[in-house]
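Below you'll find the structure, written out as structure tokens, and then a few comments.
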Amino acid sequence: MSRIEELLVTRGMYDTIDISIDDLDEMEKYLSQSEYTGNSIDCFCPKCGANRIFEFVDCKPRINNGVVTVNIADSFGKPSKKPSKEKRYKSLLNSRYVLTYCCTYNREHNAFFDLLVTDSGVMKIGQYPSVADFLRPKTKKYSSILSEQYLKELNTAIYLAAHGVGIGSFVYLRRIIEMLVHETYKGANKNGEVSEDDFFYIKYADSDGIEKARYRKFDEKIELLKDYLPSTLVEKKQIYGIVSKGVHELTEEICMEYYHVISSGVFLILDQKLKIEEEAKLKREIDKGINKIMQFENAQKGNL
Ligand SMILES: [Zn+2]
């Protein structure tokens with residue numbers, strides 16, 4: 001997925017991507033007024049209820065300097081001259097673009113995006129359907145590992161970020177990580193692998209050699225459960241640290257700046273958790289099947 005497509009489909013409102021002349025090809029693909037066969041985006045169509053390719057319909061620059069002109073004759077009789085790369089790039093800057101796409105399954109299903117292009121970046125300032133509508137099916141697959149409540153909270157995290165509410169979004173992402181760790185502890189505790197004492201406390205000896213205990217911090221809980229948790233959560237414990245910092249210390253703007261990386265981390269953690277659960281389920285089925293086979297085999301032996 002190209003950077004502008006990613007901005008359109010997955011990023012929240014007021015998110016910005018940096019641009020330079022190296023991005024000229026991509027910018028012309030998405031922002032040029034001319035029909036461009038390769039300008040399509042792959043996203044969820046809420047009206048179809050399925051993933052679709054959306055084709056570019058038109059792009060309207062709102063300030064009168066955003067039209068790319070190629071192969072135009074400089075004056076009558078002169079051969080056409082393609083503007084320099086620099087000129088083409090500059091002509092795309094400092095304009096507002098309203099892009100329209102339509103669903104290839106039903107051309108009446110539209111998607112609209114409003115972009116502001118400055119000297120240094122492209123900012124998304126409007127869109128319909130919302131990014132939360134685009135991403136909702138992405139969260140649906142987690143229904144086997146997230147309860148209805150937590151699935152709703154994950155959607156709320158996406159919705160809030162899509163509307164520029166970074167701190168609020170971090171609150172929900174943090175709750176999801178905490179839930180994953182606690183649920184994992186409960187499972188390991190039930191199997192007799194991690195005791196309640198070990199999960200909540202760390203024992204240590206003071207300077208007189210007397211045994212004491214203190215509360216186990218959250219990152220230490222993750223460390224304790226490292227064999228059971230998704231590897232990204234263990235290797236990138238900073239994700240929890242950053243969402244926590246977001247709740248207490250970071251500004252709304254900084255949270256929004258960090259949101260894309262942090263939410264991608266949370267999605268990866270959830271994907272890994274899904275895999276762990278699927279493998280565990282498959283293993284249980286295989287165990288059950290092998291037991292059945294062995295029972296049958298043993299019965300056969302007994303009959304001989
Ligand atoms: Zn559609």
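Ordered as shown in the structure tokens, chains take letters A, B, and onward, while each chain numbers its residues from 1 and ligands are numbered from 1 in the order shown.
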
DSSP helix (DSSP H, G or I) residues within region 4-247 of chain A, as an mmCIF file with C-alpha atoms, in the first residue's frame:
```
data_model
loop_
_atom_site.group_PDB
_atom_site.id
_atom_site.type_symbol
_atom_site.label_atom_id
_atom_site.label_comp_id
_atom_site.auth_asym_id
_atom_site.auth_seq_id
_atom_site.Cartn_x
_atom_site.Cartn_y
_atom_site.Cartn_z
ATOM 1 C CA ILE A 4 -1.020 8.264 0.147
ATOM 2 C CA GLU A 5 -3.330 5.236 -0.084
ATOM 3 C CA GLU A 6 -2.455 4.438 3.518
ATOM 4 C CA LEU A 7 -3.254 8.017 4.509
ATOM 5 C CA LEU A 8 -6.620 7.773 2.751
ATOM 6 C CA VAL A 9 -7.696 4.366 4.014
ATOM 7 C CA ILE A 21 10.077 15.699 -4.736
ATOM 8 C CA ASP A 22 10.796 11.947 -4.519
ATOM 9 C CA ASP A 23 7.058 11.435 -3.998
ATOM 10 C CA LEU A 24 6.158 13.147 -7.276
ATOM 11 C CA ASP A 25 5.028 9.960 -9.079
ATOM 12 C CA GLU A 26 2.741 8.971 -6.230
ATOM 13 C CA MET A 27 1.379 12.496 -5.865
ATOM 14 C CA GLU A 28 0.592 12.732 -9.555
ATOM 15 C CA LYS A 29 -1.116 9.343 -9.377
ATOM 16 C CA TYR A 30 -3.465 10.463 -6.609
ATOM 17 C CA LEU A 31 -3.769 14.215 -7.064
ATOM 18 C CA LYS A 85 10.044 17.546 -12.358
ATOM 19 C CA GLU A 86 10.536 20.480 -10.017
ATOM 20 C CA LYS A 87 7.806 22.488 -11.769
ATOM 21 C CA ARG A 88 5.348 19.575 -11.724
ATOM 22 C CA TYR A 89 6.010 18.981 -8.029
ATOM 23 C CA LYS A 90 5.579 22.645 -7.119
ATOM 24 C CA SER A 91 2.336 22.840 -9.083
ATOM 25 C CA LEU A 92 0.827 20.224 -6.784
ATOM 26 C CA VAL A 131 -11.945 5.513 8.679
ATOM 27 C CA ALA A 132 -13.736 3.683 11.509
ATOM 28 C CA ASP A 133 -16.213 2.337 8.898
ATOM 29 C CA PHE A 134 -13.280 1.217 6.741
ATOM 30 C CA LEU A 135 -11.500 -0.512 9.598
ATOM 31 C CA ARG A 136 -14.437 -2.132 11.412
ATOM 32 C CA PRO A 137 -14.152 -5.442 9.487
ATOM 33 C CA LYS A 138 -10.498 -5.508 10.472
ATOM 34 C CA THR A 139 -11.553 -5.853 14.109
ATOM 35 C CA LYS A 140 -14.362 -8.337 13.493
ATOM 36 C CA LYS A 141 -11.871 -11.211 13.144
ATOM 37 C CA TYR A 142 -10.826 -10.726 16.771
ATOM 38 C CA SER A 143 -14.259 -11.730 18.084
ATOM 39 C CA SER A 144 -12.853 -15.147 19.098
ATOM 40 C CA GLU A 148 -18.063 -8.134 22.942
ATOM 41 C CA GLN A 149 -17.105 -5.372 25.367
ATOM 42 C CA TYR A 150 -13.426 -5.321 24.369
ATOM 43 C CA LEU A 151 -14.240 -5.558 20.672
ATOM 44 C CA LYS A 152 -16.398 -2.472 21.146
ATOM 45 C CA GLU A 153 -13.545 -0.757 22.976
ATOM 46 C CA LEU A 154 -11.133 -1.556 20.136
ATOM 47 C CA ASN A 155 -13.591 -0.008 17.674
ATOM 48 C CA THR A 156 -13.921 3.006 19.979
ATOM 49 C CA ALA A 157 -10.114 3.387 20.007
ATOM 50 C CA ILE A 158 -10.131 3.476 16.175
ATOM 51 C CA TYR A 159 -13.125 5.813 16.071
ATOM 52 C CA LEU A 160 -11.572 8.277 18.527
ATOM 53 C CA ALA A 161 -8.236 8.336 16.705
ATOM 54 C CA ALA A 162 -10.074 8.836 13.397
ATOM 55 C CA GLY A 166 -5.505 10.606 20.639
ATOM 56 C CA ILE A 167 -5.470 10.385 24.445
ATOM 57 C CA GLY A 168 -8.934 8.812 24.561
ATOM 58 C CA SER A 169 -7.854 6.281 21.963
ATOM 59 C CA PHE A 170 -4.786 5.346 24.034
ATOM 60 C CA VAL A 171 -7.001 4.706 27.087
ATOM 61 C CA TYR A 172 -8.874 1.990 25.180
ATOM 62 C CA LEU A 173 -5.738 0.478 23.641
ATOM 63 C CA ARG A 174 -4.210 0.261 27.111
ATOM 64 C CA ARG A 175 -7.288 -1.506 28.484
ATOM 65 C CA ILE A 176 -7.028 -4.096 25.692
ATOM 66 C CA ILE A 177 -3.360 -4.834 26.471
ATOM 67 C CA GLU A 178 -4.144 -5.111 30.205
ATOM 68 C CA MET A 179 -7.027 -7.464 29.470
ATOM 69 C CA LEU A 180 -4.788 -9.694 27.302
ATOM 70 C CA VAL A 181 -2.201 -9.957 30.078
ATOM 71 C CA HIS A 182 -4.792 -10.672 32.768
ATOM 72 C CA GLU A 183 -6.605 -13.274 30.684
ATOM 73 C CA THR A 184 -3.270 -14.949 29.905
ATOM 74 C CA TYR A 185 -2.425 -14.980 33.621
ATOM 75 C CA LYS A 186 -5.800 -16.539 34.443
ATOM 76 C CA GLY A 187 -5.168 -19.331 31.927
ATOM 77 C CA ALA A 188 -1.628 -20.005 33.195
ATOM 78 C CA ASN A 189 -2.838 -19.882 36.807
ATOM 79 C CA LYS A 190 -5.631 -22.350 36.073
ATOM 80 C CA GLU A 196 -1.267 -15.680 42.186
ATOM 81 C CA ASP A 197 1.583 -14.634 44.494
ATOM 82 C CA ASP A 198 4.104 -14.630 41.643
ATOM 83 C CA PHE A 199 1.804 -12.636 39.374
ATOM 84 C CA PHE A 200 1.040 -9.902 41.873
ATOM 85 C CA PHE A 218 2.995 -4.302 34.700
ATOM 86 C CA ASP A 219 6.062 -4.732 32.479
ATOM 87 C CA GLU A 220 7.361 -7.308 34.987
ATOM 88 C CA LYS A 221 4.059 -9.148 34.668
ATOM 89 C CA ILE A 222 4.573 -9.234 30.905
ATOM 90 C CA GLU A 223 8.087 -10.617 31.472
ATOM 91 C CA LEU A 224 6.736 -13.290 33.831
ATOM 92 C CA SER A 231 5.892 -12.191 21.143
ATOM 93 C CA THR A 232 5.424 -8.552 20.038
ATOM 94 C CA LEU A 233 3.917 -7.643 23.405
ATOM 95 C CA VAL A 234 6.963 -9.164 25.143
ATOM 96 C CA GLU A 235 9.583 -7.772 22.765
ATOM 97 C CA GLN A 238 7.350 -0.042 25.211
ATOM 98 C CA ILE A 239 3.942 -0.177 23.506
ATOM 99 C CA TYR A 240 2.269 -0.484 26.904
ATOM 100 C CA GLY A 241 4.628 2.153 28.325
ATOM 101 C CA ILE A 242 3.712 4.611 25.568
ATOM 102 C CA VAL A 243 -0.064 4.153 25.835
ATOM 103 C CA SER A 244 0.255 4.586 29.614
ATOM 104 C CA LYS A 245 2.350 7.707 29.165
ATOM 105 C CA GLY A 246 -0.296 8.923 26.722
ATOM 106 C CA VAL A 247 -2.964 8.592 29.393
#
```

Within 6 Å of ligand 1, which residues of chain A show up? Give each one with its shortest atom-to-atom distance in Å (one decimal) and the two atoms involved, counting only C-alpha atoms and all ligand atoms, rows by chain then rising residue number, as a tab-separated table.
```
residue	atom	partner	partner_atom_place_in_ligand_line	distance
A:Cys45	CA	ligand 1	1 (Zn)	4.7
A:Lys47	CA	ligand 1	1 (Zn)	5.2
A:Cys48	CA	ligand 1	1 (Zn)	4.1
A:Cys103	CA	ligand 1	1 (Zn)	4.7
A:Tyr105	CA	ligand 1	1 (Zn)	5.4
A:Asn106	CA	ligand 1	1 (Zn)	5.2
A:His109	CA	ligand 1	1 (Zn)	5.1
```

Query raised in the report: Which parts of region 107-147 of chain A does DSSP call strand (DSSP E or B) when run on the backbone here, written out as a PyMOL selection string?
Result: chain A and resi 110-117+121-128

Requested in this report: Kindly give the distance, in Å, that separates CA of Asp287 (chain A) and CA of Ser147 (chain A), rounded to a single decimal.
Outcome: 26.8 Å

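Of the residues under consideration (A:Ser207, A:Thr100, A:Asn291, A:Ser20), A:Thr100 shows the shortest atom-to-atom contact distance to Ser40 (chain A) when counting only C-alpha atoms.
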
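Atom pair CA of Tyr128 (chain A) / CA of Ser95 (chain A) has a distance of 19.8 Å (rounded to one decimal).
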
Within 10 Å of region 277-280 of chain A using only C-alpha atoms, minus same-chain residues under 5 positions, as a short mmCIF file (atom, residue, chain, number, x, y, z; two decimals) with N, CA and C atoms, in the first residue's frame:
```cif
data_model
loop_
_atom_site.label_atom_id
_atom_site.label_comp_id
_atom_site.auth_asym_id
_atom_site.auth_seq_id
_atom_site.Cartn_x
_atom_site.Cartn_y
_atom_site.Cartn_z
N SER A 144 -13.10 -13.90 18.36
CA SER A 144 -12.85 -15.15 19.10
C SER A 144 -11.89 -14.94 20.27
N ILE A 145 -11.18 -13.80 20.27
CA ILE A 145 -10.24 -13.57 21.40
C ILE A 145 -10.63 -12.35 22.24
N ASP A 271 -3.18 -10.17 16.30
CA ASP A 271 -3.02 -11.19 15.25
C ASP A 271 -2.24 -12.39 15.79
N GLN A 272 -1.20 -12.08 16.57
CA GLN A 272 -0.40 -13.18 17.14
C GLN A 272 -1.21 -13.97 18.16
N GLU A 285 -7.61 -30.54 19.09
CA GLU A 285 -8.33 -31.45 18.17
C GLU A 285 -7.46 -32.64 17.79
N ILE A 286 -6.16 -32.37 17.54
CA ILE A 286 -5.24 -33.45 17.16
C ILE A 286 -5.08 -34.42 18.34
#
```

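Closest approach to Gln127 (chain A) from the set A:Asn303, A:Asn110, A:Thr251, A:Thr104 is made by A:Asn110, with distances taken over only C-alpha atoms.
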
Report task. Measure the distance from CA of Ile53 (chain A) to CA of Cys102 (chain A) in Å and round it to one decimal. Result ->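 Distance between the two atoms: 8.4 Å.
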